[in-house]
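Trainee: If it helps, the file is called start.tsv and holds TSV, C-alpha atoms:
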```tsv
chain	number	residue	atom	x	y	z
K	440	MET	CA	105.09	102.27	128.76
K	441	SER	CA	107.01	101.32	125.64
K	442	GLN	CA	107.36	103.68	122.70
K	443	ILE	CA	104.95	101.65	120.64
K	444	GLU	CA	102.33	101.64	123.38
K	445	SER	CA	102.66	105.36	124.00
K	446	GLU	CA	102.28	106.16	120.31
K	447	THR	CA	99.16	104.07	119.94
K	448	SER	CA	97.55	104.56	123.28
K	449	THR	CA	94.03	103.99	121.93
K	450	GLY	CA	94.90	100.59	120.45
K	451	ALA	CA	97.80	98.98	122.21
K	452	ALA	CA	95.80	97.15	124.91
K	453	GLU	CA	93.00	96.03	122.59
K	454	ALA	CA	93.09	93.12	120.19
K	455	VAL	CA	91.94	93.02	116.61
K	456	LEU	CA	90.71	89.69	115.27
K	457	VAL	CA	91.50	89.40	111.55
K	458	VAL	CA	89.43	86.81	109.71
K	459	ASP	CA	90.26	85.88	106.13
K	460	ASP	CA	90.71	82.62	104.26
K	461	GLU	CA	93.33	84.17	101.98
K	462	VAL	CA	96.52	83.70	103.97
K	463	LEU	CA	98.52	86.36	102.15
K	464	VAL	CA	95.80	88.98	102.68
K	465	ARG	CA	95.54	88.01	106.33
K	466	MET	CA	99.32	88.07	106.73
K	467	VAL	CA	99.76	91.53	105.20
K	468	ILE	CA	97.04	93.27	107.19
K	469	ALA	CA	97.95	91.48	110.43
K	470	THR	CA	101.60	92.47	110.06
K	471	TYR	CA	100.63	96.04	109.29
K	472	LEU	CA	98.37	96.33	112.33
K	473	ARG	CA	101.02	94.76	114.60
K	474	ASP	CA	103.57	97.25	113.31
K	475	CYS	CA	101.09	99.95	114.35
K	476	GLY	CA	101.07	98.57	117.88
K	477	TYR	CA	97.93	96.45	117.93
K	478	ARG	CA	97.69	92.97	119.27
K	479	VAL	CA	96.34	90.91	116.38
K	480	ILE	CA	94.76	87.49	116.46
K	481	GLU	CA	94.33	85.64	113.18
K	482	ALA	CA	91.57	83.31	112.09
K	483	ALA	CA	91.44	81.54	108.77
K	484	SER	CA	87.68	81.01	108.78
K	485	PRO	CA	84.46	82.08	110.50
K	486	ASP	CA	84.54	78.85	112.52
K	487	GLU	CA	88.02	79.68	113.81
K	488	ALA	CA	86.87	83.20	114.60
K	489	LYS	CA	83.92	81.94	116.62
K	490	LEU	CA	86.18	79.61	118.60
K	491	VAL	CA	88.57	82.44	119.40
K	492	ILE	CA	85.74	84.74	120.46
K	493	GLU	CA	84.15	82.05	122.62
K	494	HIS	CA	87.46	81.68	124.46
K	495	ASP	CA	88.01	85.41	124.86
K	496	ASP	CA	87.12	85.35	128.55
K	497	GLU	CA	89.12	88.49	129.25
K	498	GLY	CA	87.32	90.47	126.58
K	499	ALA	CA	90.60	91.36	124.94
K	500	ILE	CA	89.13	91.49	121.44
K	501	SER	CA	87.60	94.85	120.55
K	502	ILE	CA	87.31	94.69	116.79
K	503	VAL	CA	86.76	91.99	114.22
K	504	LEU	CA	87.99	92.62	110.68
K	505	SER	CA	86.54	89.99	108.42
K	506	GLY	CA	86.49	89.19	104.77
K	507	VAL	CA	83.04	88.62	103.34
K	508	ALA	CA	83.32	85.82	100.82
K	509	MET	CA	85.21	82.82	102.12
K	510	PRO	CA	84.31	79.94	99.79
K	511	ALA	CA	83.74	76.65	101.63
K	512	GLN	CA	84.32	78.39	104.96
K	513	GLY	CA	81.16	80.44	105.46
K	514	ASP	CA	80.85	84.16	104.94
K	515	GLY	CA	81.54	87.32	106.84
K	516	PHE	CA	77.91	88.36	106.98
K	517	GLU	CA	76.90	85.27	108.90
K	518	LEU	CA	79.86	85.75	111.21
K	519	ALA	CA	78.90	89.38	111.81
K	520	GLN	CA	75.36	88.36	112.71
K	521	TRP	CA	76.65	85.67	115.05
K	522	ILE	CA	78.89	88.24	116.75
K	523	ARG	CA	76.08	90.76	117.00
K	524	GLN	CA	73.96	88.22	118.88
K	525	ARG	CA	76.64	86.95	121.24
K	526	ARG	CA	79.08	89.82	121.58
K	527	PRO	CA	77.30	93.06	120.72
K	528	ASP	CA	80.20	94.91	122.32
K	529	LEU	CA	82.49	93.90	119.45
K	530	GLU	CA	82.91	96.22	116.52
K	531	VAL	CA	82.79	94.44	113.18
K	532	VAL	CA	84.40	95.66	109.99
K	533	LEU	CA	83.63	93.70	106.85
K	534	ALA	CA	85.78	93.85	103.75
K	535	GLY	CA	84.71	92.59	100.36
K	536	THR	CA	84.04	93.48	96.79
K	537	PRO	CA	81.59	96.36	96.33
K	538	ALA	CA	79.11	94.01	94.67
K	539	ARG	CA	78.49	92.21	97.99
K	540	ALA	CA	75.41	93.93	99.40
K	541	ALA	CA	76.81	97.03	101.05
K	542	ASP	CA	73.36	97.77	102.49
K	543	ALA	CA	73.28	94.47	104.35
K	544	ALA	CA	76.78	95.07	105.70
K	545	GLY	CA	75.85	98.53	106.87
K	546	ASP	CA	72.77	97.17	108.62
K	547	ILE	CA	74.84	94.60	110.47
K	548	CYS	CA	77.82	96.72	111.29
K	549	GLN	CA	76.08	100.04	111.90
K	550	ARG	CA	79.46	101.63	111.67
K	551	GLY	CA	79.76	102.81	108.13
K	552	PRO	CA	80.13	101.20	104.74
K	553	MET	CA	81.87	97.98	104.04
K	554	LEU	CA	85.50	98.27	103.06
K	555	ALA	CA	86.10	97.42	99.45
K	556	LYS	CA	88.77	94.91	98.61
K	557	PRO	CA	91.55	95.25	97.77
K	558	TYR	CA	91.98	97.71	100.60
K	559	GLU	CA	94.90	99.83	101.61
K	560	PRO	CA	96.13	98.91	105.08
K	561	GLN	CA	95.99	102.58	106.08
K	562	VAL	CA	92.25	102.61	105.35
K	563	VAL	CA	91.78	99.66	107.70
K	564	LEU	CA	93.90	101.32	110.35
K	565	ASP	CA	91.92	104.56	110.13
K	566	ARG	CA	88.63	102.69	110.49
K	567	ILE	CA	89.89	100.75	113.51
K	568	ARG	CA	91.16	103.87	115.21
K	569	TRP	CA	87.86	105.64	114.56
K	570	LEU	CA	85.83	102.74	115.97
K	571	LEU	CA	88.00	102.48	119.07
K	572	SER	CA	87.83	106.22	119.66
K	573	ARG	CA	84.04	105.99	119.84
K	574	ARG	CA	84.05	103.28	122.50
K	575	PRO	CA	82.97	104.48	125.96
K	576	ARG	CA	85.89	104.85	128.33
K	577	PRO	CA	85.79	102.46	131.32
K	578	GLN	CA	84.63	104.12	134.55
K	579	THR	CA	87.47	104.57	137.09
G	1201	MET	CA	114.76	91.05	125.28
G	1202	ALA	CA	114.11	93.78	122.73
G	1203	ALA	CA	111.10	93.22	120.56
G	1204	ALA	CA	112.87	93.93	117.32
G	1205	ASP	CA	116.53	93.09	117.57
G	1206	PHE	CA	118.81	90.51	119.08
G	1207	GLN	CA	122.14	91.71	120.41
G	1208	ASP	CA	124.97	89.23	120.10
G	1209	PRO	CA	127.97	89.34	122.47
G	1210	CYS	CA	129.97	91.29	119.91
G	1211	GLY	CA	127.45	94.09	119.97
G	1212	ASP	CA	126.21	93.52	116.43
G	1213	VAL	CA	122.47	93.74	115.98
G	1214	SER	CA	120.98	90.72	114.28
G	1215	PRO	CA	117.83	91.00	112.20
G	1216	GLN	CA	114.64	89.72	113.73
G	1217	LEU	CA	114.06	86.01	113.13
G	1218	THR	CA	110.81	84.97	111.47
G	1219	VAL	CA	108.94	81.82	112.40
G	1220	LEU	CA	106.24	80.28	110.19
G	1221	ILE	CA	103.76	78.34	112.31
G	1222	VAL	CA	101.53	75.82	110.57
G	1223	GLU	CA	98.76	74.56	112.85
G	1224	ASP	CA	95.12	73.91	112.09
G	1225	GLU	CA	93.92	74.23	115.71
G	1226	VAL	CA	93.45	77.96	116.05
G	1227	LEU	CA	93.79	78.18	119.83
G	1228	ILE	CA	97.09	76.29	119.78
G	1229	ARG	CA	98.32	78.40	116.89
G	1230	MET	CA	97.31	81.56	118.72
G	1231	LEU	CA	99.02	80.62	121.98
G	1232	LEU	CA	102.24	79.54	120.29
G	1233	SER	CA	102.33	82.61	118.05
G	1234	GLU	CA	101.83	85.02	120.92
G	1235	ALA	CA	104.42	83.27	123.06
G	1236	LEU	CA	107.00	83.56	120.30
G	1237	ARG	CA	106.13	87.20	119.60
G	1238	GLN	CA	106.62	87.99	123.27
G	1239	GLU	CA	110.10	86.51	122.93
G	1240	GLY	CA	110.83	88.88	120.06
G	1241	TYR	CA	110.24	86.70	117.04
G	1242	ALA	CA	108.24	87.77	114.03
G	1243	VAL	CA	105.59	85.14	113.43
G	1244	VAL	CA	103.63	84.27	110.32
G	1245	GLU	CA	100.62	82.02	110.80
G	1246	ALA	CA	99.21	79.39	108.48
G	1247	ALA	CA	96.21	77.25	109.26
G	1248	THR	CA	97.12	74.49	106.81
G	1249	ALA	CA	100.09	73.20	104.87
G	1250	ASP	CA	98.46	74.60	101.73
G	1251	GLU	CA	98.49	78.05	103.30
G	1252	ALA	CA	102.10	77.54	104.30
G	1253	LEU	CA	103.00	76.77	100.70
G	1254	SER	CA	101.39	80.05	99.63
G	1255	VAL	CA	103.46	81.89	102.20
G	1256	LEU	CA	106.68	80.12	101.19
G	1257	GLU	CA	106.05	80.89	97.53
G	1258	SER	CA	105.51	84.56	98.31
G	1259	SER	CA	108.20	87.08	99.16
G	1260	SER	CA	108.12	85.97	102.79
G	1261	SER	CA	111.34	84.22	103.89
G	1262	PRO	CA	110.92	82.64	107.29
G	1263	ASP	CA	113.91	81.36	109.18
G	1264	VAL	CA	112.13	78.57	111.03
G	1265	LEU	CA	109.12	76.43	110.16
G	1266	ILE	CA	107.08	74.84	112.95
G	1267	THR	CA	104.48	72.53	111.54
G	1268	ASP	CA	101.86	70.18	112.85
G	1269	VAL	CA	101.56	66.82	111.13
G	1270	ARG	CA	97.91	66.04	110.64
G	1271	MET	CA	95.98	68.92	109.13
G	1272	PRO	CA	93.13	69.25	106.64
G	1273	GLY	CA	94.11	70.07	103.10
G	1274	SER	CA	95.88	68.52	100.16
G	1275	ILE	CA	99.18	67.85	101.96
G	1276	ASP	CA	100.18	67.11	105.54
G	1277	GLY	CA	103.05	68.34	107.68
G	1278	PHE	CA	105.42	65.61	106.53
G	1279	GLU	CA	104.91	66.45	102.88
G	1280	LEU	CA	105.35	70.12	103.68
G	1281	ALA	CA	108.58	69.40	105.52
G	1282	ALA	CA	109.84	67.28	102.64
G	1283	TYR	CA	109.01	70.07	100.18
G	1284	VAL	CA	110.89	72.56	102.30
G	1285	ARG	CA	113.84	70.19	102.57
G	1286	ARG	CA	114.03	70.00	98.76
G	1287	THR	CA	113.41	73.64	97.92
G	1288	LYS	CA	114.54	75.64	100.95
G	1289	PRO	CA	117.23	73.63	102.71
G	1290	GLU	CA	118.29	76.67	104.73
G	1291	LEU	CA	114.89	76.78	106.45
G	1292	LYS	CA	114.99	75.02	109.82
G	1293	VAL	CA	112.04	72.70	110.40
G	1294	ILE	CA	110.40	71.58	113.60
G	1295	ILE	CA	107.56	69.05	113.40
G	1296	THR	CA	105.02	68.95	116.19
G	1297	SER	CA	102.36	66.40	116.92
G	1298	GLY	CA	99.94	65.55	119.66
G	1299	HIS	CA	99.89	61.92	118.56
G	1300	ALA	CA	103.20	60.23	119.41
G	1301	SER	CA	103.50	56.93	117.57
G	1302	PRO	CA	106.05	54.78	115.73
G	1303	ASP	CA	104.50	55.89	112.44
G	1304	LEU	CA	105.24	59.45	113.41
G	1305	ALA	CA	108.91	58.66	113.94
G	1306	ILE	CA	109.06	57.01	110.53
G	1307	GLY	CA	107.44	60.04	108.96
G	1308	VAL	CA	109.94	62.35	110.55
G	1309	ALA	CA	112.81	60.22	109.28
G	1310	ASP	CA	111.33	60.16	105.78
G	1311	ALA	CA	110.99	63.91	105.78
G	1312	SER	CA	114.63	64.14	106.82
G	1313	CYS	CA	113.72	66.62	109.49
G	1314	PRO	CA	115.99	66.88	112.48
G	1315	SER	CA	113.49	68.05	115.09
G	1316	LEU	CA	110.32	66.58	116.46
G	1317	THR	CA	108.38	67.80	119.42
G	1318	THR	CA	105.05	66.82	120.85
G	1319	SER	CA	102.25	69.26	121.45
G	1320	PRO	CA	100.89	70.75	123.55
```
Rewrite the structure of this file - the entire thing - as structure tokens.
Mentor:
Amino acid sequence: MSQIESETSTGAAEAVLVVDDEVLVRMVIATYLRDCGYRVIEAASPDEAKLVIEHDDEGAISIVLSGVAMPAQGDGFELAQWIRQRRPDLEVVLAGTPARAADAAGDICQRGPMLAKPYEPQVVLDRIRWLLSRRPRPQT
Amino acid sequence: MAAADFQDPCGDVSPQLTVLIVEDEVLIRMLLSEALRQEGYAVVEAATADEALSVLESSSSPDVLITDVRMPGSIDGFELAAYVRRTKPELKVIITSGHASPDLAIGVADASCPSLTTSP
């Protein structure tokens, strides 16, 4: 096992899908999470995210981190609902401005409040690690 | 091959090369990005040429640009390549396309780009 994998044993084999229409935001958080040892898949829109999830036959994706407001591309809430119906095993973390219905996000995600943008990458990392630590271990 | 560094025959460690991939088809972009990362490259992804411009205008300094031709947005891959040729001549450009045609060859020549490859 490589050094990176041994240091991030809860995250190295699982993929995070980052969804954001702002390329620089997506780039920064994706780079940060990769540097922490996660496999990261990027989607520039909810439609791209759905396509990636539909083709995730191996179930590699564990968490979806999505922006909320993506003008002309759909929104993160609708994506989260779509995921909840088709892949309830996926953890969804939404990130947006505090004005965007935190109650609705909490109802969809059931995993704590929505992250407020702009967010510190460490905050995202801590949330991902917490969510992954709560997943049931596979039976051996 | 080490994930972070390339060792040249003289023993010097070269910095990791960064590739900017511009491709609107997410599955293709994903496969190409992951393949390059497995080979040790740092990869930045852009879904359109407009996104690529944002990346190029930021502090990011890729070493290689791989761009599709036909993509949604205000400019296509040829125009992006021509922009790079004018403003970042040190950036190596590879144009990809799944639609081989004489018009494509003309576009590549106009963009003064040395490399064309077909995808997938």
Trainee: Using only C-alpha atoms, pick whichever of K:Trp521, K:Pro510, K:Ser484, K:Ile502 has the shortest atom-to-atom distance to Leu456 of chain K.
Mentor: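 For Leu456 of chain K, the nearest of the candidates is K:Ile502.
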Trainee: Output the contact residues of chain K with respect to chain G at a cut-off of 10 Å, based on only C-alpha atoms, as a list in words.
Mentor: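 Going by the stated atoms only, the list reads Asp460, Glu461, Val462, Leu463, Arg465, Met466, Val467, Ala469, Thr470, Arg478, Val479, Ile480, Glu481, Ala482, Ala483, Ser484, Asp486, Glu487, Ala488, Leu490, Val491 and His494 of chain K.
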Trainee: Please indicate the distance in Å from atom CA of Pro485 of chain K to atom CA of Val1269 of chain G, rounded to one decimal place.
Mentor: 22.9 Å
Trainee: Using all atoms listed in the file, which residues sit within 8 Å of segment 1271-1280 of chain G once same-chain residues fewer than 2 positions away are excluded, as a PDB file with C-alpha atoms, in the frame of the given file?
Mentor:
```pdb
ATOM      1  CA  GLU G1223      98.760  74.560 112.850  1.00  0.00           C
ATOM      2  CA  ASP G1224      95.120  73.910 112.090  1.00  0.00           C
ATOM      3  CA  THR G1248      97.120  74.490 106.810  1.00  0.00           C
ATOM      4  CA  ALA G1249     100.090  73.200 104.870  1.00  0.00           C
ATOM      5  CA  ASP G1250      98.460  74.600 101.730  1.00  0.00           C
ATOM      6  CA  LEU G1253     103.000  76.770 100.700  1.00  0.00           C
ATOM      7  CA  THR G1267     104.480  72.530 111.540  1.00  0.00           C
ATOM      8  CA  ASP G1268     101.860  70.180 112.850  1.00  0.00           C
ATOM      9  CA  VAL G1269     101.560  66.820 111.130  1.00  0.00           C
ATOM     10  CA  ALA G1282     109.840  67.280 102.640  1.00  0.00           C
ATOM     11  CA  TYR G1283     109.010  70.070 100.180  1.00  0.00           C
ATOM     12  CA  VAL G1284     110.890  72.560 102.300  1.00  0.00           C
ATOM     13  CA  ILE G1295     107.560  69.050 113.400  1.00  0.00           C
ATOM     14  CA  GLY G1307     107.440  60.040 108.960  1.00  0.00           C
ATOM     15  CA  VAL G1308     109.940  62.350 110.550  1.00  0.00           C
ATOM     16  CA  ALA G1311     110.990  63.910 105.780  1.00  0.00           C
TER      17      ALA G1311
END
```
Trainee: Figure out the distance between atom CA of Glu530 of chain K and atom CA of Val455 of chain K, please, to one decimal in Å.
Mentor: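 One can read the atom CA of Val455 of chain K to atom CA of Glu530 of chain K distance as 9.6 Å.
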Trainee: If you count all atoms listed in the file, which residues fall within 12 Å of Gly498 of chain K, apart from same-chain ones fewer than 5 positions away, as JSON, numbers by chain?
Mentor: {"K": [452, 453, 454, 455, 456, 491, 492, 493, 526, 527, 528, 529]}
Trainee: Store the residues picked out above, limited to C-alpha atoms, as a JSON list (two decimals), in the frame of the given file.
Mentor:
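The result, written out as result05.json:
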```
[["chain", "number", "residue", "atom", "x", "y", "z"],
["K", 452, "ALA", "CA", 95.80, 97.15, 124.91],
["K", 453, "GLU", "CA", 93.00, 96.03, 122.59],
["K", 454, "ALA", "CA", 93.09, 93.12, 120.19],
["K", 455, "VAL", "CA", 91.94, 93.02, 116.61],
["K", 456, "LEU", "CA", 90.71, 89.69, 115.27],
["K", 491, "VAL", "CA", 88.57, 82.44, 119.40],
["K", 492, "ILE", "CA", 85.74, 84.74, 120.46],
["K", 493, "GLU", "CA", 84.15, 82.05, 122.62],
["K", 526, "ARG", "CA", 79.08, 89.82, 121.58],
["K", 527, "PRO", "CA", 77.30, 93.06, 120.72],
["K", 528, "ASP", "CA", 80.20, 94.91, 122.32],
["K", 529, "LEU", "CA", 82.49, 93.90, 119.45]]
```
Trainee: Excluding Gly515 of chain K and any residue of its chain fewer than 3 positions from it, enumerate the residues within 8 Å of it, using all atoms listed in the file, and give them as a ChimeraX atom specification.
Mentor: /K:485,505-509,518-519,533
Trainee: In Å, rounded to a single decimal, give me how far atom CA of Arg574 of chain K is from atom CA of Val562 of chain K.
Mentor: 19.0 Å
Trainee: Starting from the sparse input, extend segment 1244-1275 of chain G to N, CA and C atoms and give the output as a PDB file, in the coordinates of the input.
Mentor:
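Result file follows (rebuild10.pdb):
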```pdb
ATOM      1  N   VAL G1244     104.623  84.351 111.388  1.00  0.00           N
ATOM      2  CA  VAL G1244     103.630  84.270 110.320  1.00  0.00           C
ATOM      3  C   VAL G1244     102.812  83.009 110.584  1.00  0.00           C
ATOM      4  N   GLU G1245     101.499  83.136 110.449  1.00  0.00           N
ATOM      5  CA  GLU G1245     100.620  82.020 110.800  1.00  0.00           C
ATOM      6  C   GLU G1245      99.972  81.414 109.552  1.00  0.00           C
ATOM      7  N   ALA G1246      99.926  80.104 109.541  1.00  0.00           N
ATOM      8  CA  ALA G1246      99.210  79.390 108.480  1.00  0.00           C
ATOM      9  C   ALA G1246      98.358  78.318 109.120  1.00  0.00           C
ATOM     10  N   ALA G1247      97.132  78.204 108.659  1.00  0.00           N
ATOM     11  CA  ALA G1247      96.210  77.250 109.260  1.00  0.00           C
ATOM     12  C   ALA G1247      96.326  75.859 108.640  1.00  0.00           C
ATOM     13  N   THR G1248      96.945  75.773 107.502  1.00  0.00           N
ATOM     14  CA  THR G1248      97.120  74.490 106.810  1.00  0.00           C
ATOM     15  C   THR G1248      98.461  74.496 106.077  1.00  0.00           C
ATOM     16  N   ALA G1249      98.853  73.295 105.655  1.00  0.00           N
ATOM     17  CA  ALA G1249     100.090  73.200 104.870  1.00  0.00           C
ATOM     18  C   ALA G1249      99.924  73.893 103.529  1.00  0.00           C
ATOM     19  N   ASP G1250      98.707  73.883 102.986  1.00  0.00           N
ATOM     20  CA  ASP G1250      98.460  74.600 101.730  1.00  0.00           C
ATOM     21  C   ASP G1250      98.700  76.095 101.914  1.00  0.00           C
ATOM     22  N   GLU G1251      98.232  76.642 103.035  1.00  0.00           N
ATOM     23  CA  GLU G1251      98.490  78.050 103.300  1.00  0.00           C
ATOM     24  C   GLU G1251      99.984  78.294 103.447  1.00  0.00           C
ATOM     25  N   ALA G1252     100.657  77.383 104.113  1.00  0.00           N
ATOM     26  CA  ALA G1252     102.100  77.540 104.300  1.00  0.00           C
ATOM     27  C   ALA G1252     102.822  77.576 102.956  1.00  0.00           C
ATOM     28  N   LEU G1253     102.388  76.751 102.030  1.00  0.00           N
ATOM     29  CA  LEU G1253     103.000  76.770 100.700  1.00  0.00           C
ATOM     30  C   LEU G1253     102.818  78.139 100.047  1.00  0.00           C
ATOM     31  N   SER G1254     101.635  78.715 100.196  1.00  0.00           N
ATOM     32  CA  SER G1254     101.390  80.050  99.630  1.00  0.00           C
ATOM     33  C   SER G1254     102.351  81.066 100.237  1.00  0.00           C
ATOM     34  N   VAL G1255     102.550  80.964 101.532  1.00  0.00           N
ATOM     35  CA  VAL G1255     103.460  81.890 102.200  1.00  0.00           C
ATOM     36  C   VAL G1255     104.893  81.683 101.698  1.00  0.00           C
ATOM     37  N   LEU G1256     105.309  80.417 101.613  1.00  0.00           N
ATOM     38  CA  LEU G1256     106.680  80.120 101.190  1.00  0.00           C
ATOM     39  C   LEU G1256     106.936  80.533  99.747  1.00  0.00           C
ATOM     40  N   GLU G1257     105.900  80.503  98.937  1.00  0.00           N
ATOM     41  CA  GLU G1257     106.050  80.890  97.530  1.00  0.00           C
ATOM     42  C   GLU G1257     105.943  82.401  97.330  1.00  0.00           C
ATOM     43  N   SER G1258     105.590  83.106  98.395  1.00  0.00           N
ATOM     44  CA  SER G1258     105.510  84.560  98.310  1.00  0.00           C
ATOM     45  C   SER G1258     106.886  85.144  98.640  1.00  0.00           C
ATOM     46  N   SER G1259     106.933  86.438  98.843  1.00  0.00           N
ATOM     47  CA  SER G1259     108.200  87.080  99.160  1.00  0.00           C
ATOM     48  C   SER G1259     108.643  86.843 100.599  1.00  0.00           C
ATOM     49  N   SER G1260     107.772  86.237 101.391  1.00  0.00           N
ATOM     50  CA  SER G1260     108.120  85.970 102.790  1.00  0.00           C
ATOM     51  C   SER G1260     109.223  84.931 102.878  1.00  0.00           C
ATOM     52  N   SER G1261     110.213  85.155 103.725  1.00  0.00           N
ATOM     53  CA  SER G1261     111.340  84.220 103.890  1.00  0.00           C
ATOM     54  C   SER G1261     111.529  83.892 105.354  1.00  0.00           C
ATOM     55  N   PRO G1262     110.734  82.973 105.878  1.00  0.00           N
ATOM     56  CA  PRO G1262     110.920  82.640 107.290  1.00  0.00           C
ATOM     57  C   PRO G1262     112.246  81.945 107.544  1.00  0.00           C
ATOM     58  N   ASP G1263     112.669  82.005 108.794  1.00  0.00           N
ATOM     59  CA  ASP G1263     113.910  81.360 109.180  1.00  0.00           C
ATOM     60  C   ASP G1263     113.660  79.973 109.764  1.00  0.00           C
ATOM     61  N   VAL G1264     112.483  79.826 110.378  1.00  0.00           N
ATOM     62  CA  VAL G1264     112.130  78.570 111.030  1.00  0.00           C
ATOM     63  C   VAL G1264     110.693  78.217 110.655  1.00  0.00           C
ATOM     64  N   LEU G1265     110.463  76.932 110.427  1.00  0.00           N
ATOM     65  CA  LEU G1265     109.120  76.430 110.160  1.00  0.00           C
ATOM     66  C   LEU G1265     108.745  75.483 111.292  1.00  0.00           C
ATOM     67  N   ILE G1266     107.620  75.762 111.941  1.00  0.00           N
ATOM     68  CA  ILE G1266     107.080  74.840 112.950  1.00  0.00           C
ATOM     69  C   ILE G1266     105.763  74.340 112.400  1.00  0.00           C
ATOM     70  N   THR G1267     105.680  73.046 112.166  1.00  0.00           N
ATOM     71  CA  THR G1267     104.480  72.530 111.540  1.00  0.00           C
ATOM     72  C   THR G1267     103.906  71.338 112.262  1.00  0.00           C
ATOM     73  N   ASP G1268     102.586  71.343 112.360  1.00  0.00           N
ATOM     74  CA  ASP G1268     101.860  70.180 112.850  1.00  0.00           C
ATOM     75  C   ASP G1268     101.916  69.120 111.759  1.00  0.00           C
ATOM     76  N   VAL G1269     101.514  67.916 112.101  1.00  0.00           N
ATOM     77  CA  VAL G1269     101.560  66.820 111.130  1.00  0.00           C
ATOM     78  C   VAL G1269     100.216  66.666 110.427  1.00  0.00           C
ATOM     79  N   ARG G1270      99.213  66.356 111.228  1.00  0.00           N
ATOM     80  CA  ARG G1270      97.910  66.040 110.640  1.00  0.00           C
ATOM     81  C   ARG G1270      97.067  67.304 110.566  1.00  0.00           C
ATOM     82  N   MET G1271      96.777  67.727 109.347  1.00  0.00           N
ATOM     83  CA  MET G1271      95.980  68.920 109.130  1.00  0.00           C
ATOM     84  C   MET G1271      95.085  68.700 107.911  1.00  0.00           C
ATOM     85  N   PRO G1272      93.949  69.345 107.859  1.00  0.00           N
ATOM     86  CA  PRO G1272      93.130  69.250 106.640  1.00  0.00           C
ATOM     87  C   PRO G1272      93.834  69.915 105.478  1.00  0.00           C
ATOM     88  N   GLY G1273      93.500  69.482 104.277  1.00  0.00           N
ATOM     89  CA  GLY G1273      94.110  70.070 103.100  1.00  0.00           C
ATOM     90  C   GLY G1273      94.712  69.008 102.204  1.00  0.00           C
ATOM     91  N   SER G1274      95.373  69.456 101.159  1.00  0.00           N
ATOM     92  CA  SER G1274      95.880  68.520 100.160  1.00  0.00           C
ATOM     93  C   SER G1274      97.197  67.864 100.565  1.00  0.00           C
ATOM     94  N   ILE G1275      97.945  68.477 101.485  1.00  0.00           N
ATOM     95  CA  ILE G1275      99.180  67.850 101.960  1.00  0.00           C
ATOM     96  C   ILE G1275      99.246  67.945 103.479  1.00  0.00           C
TER      97      ILE G1275
END
```
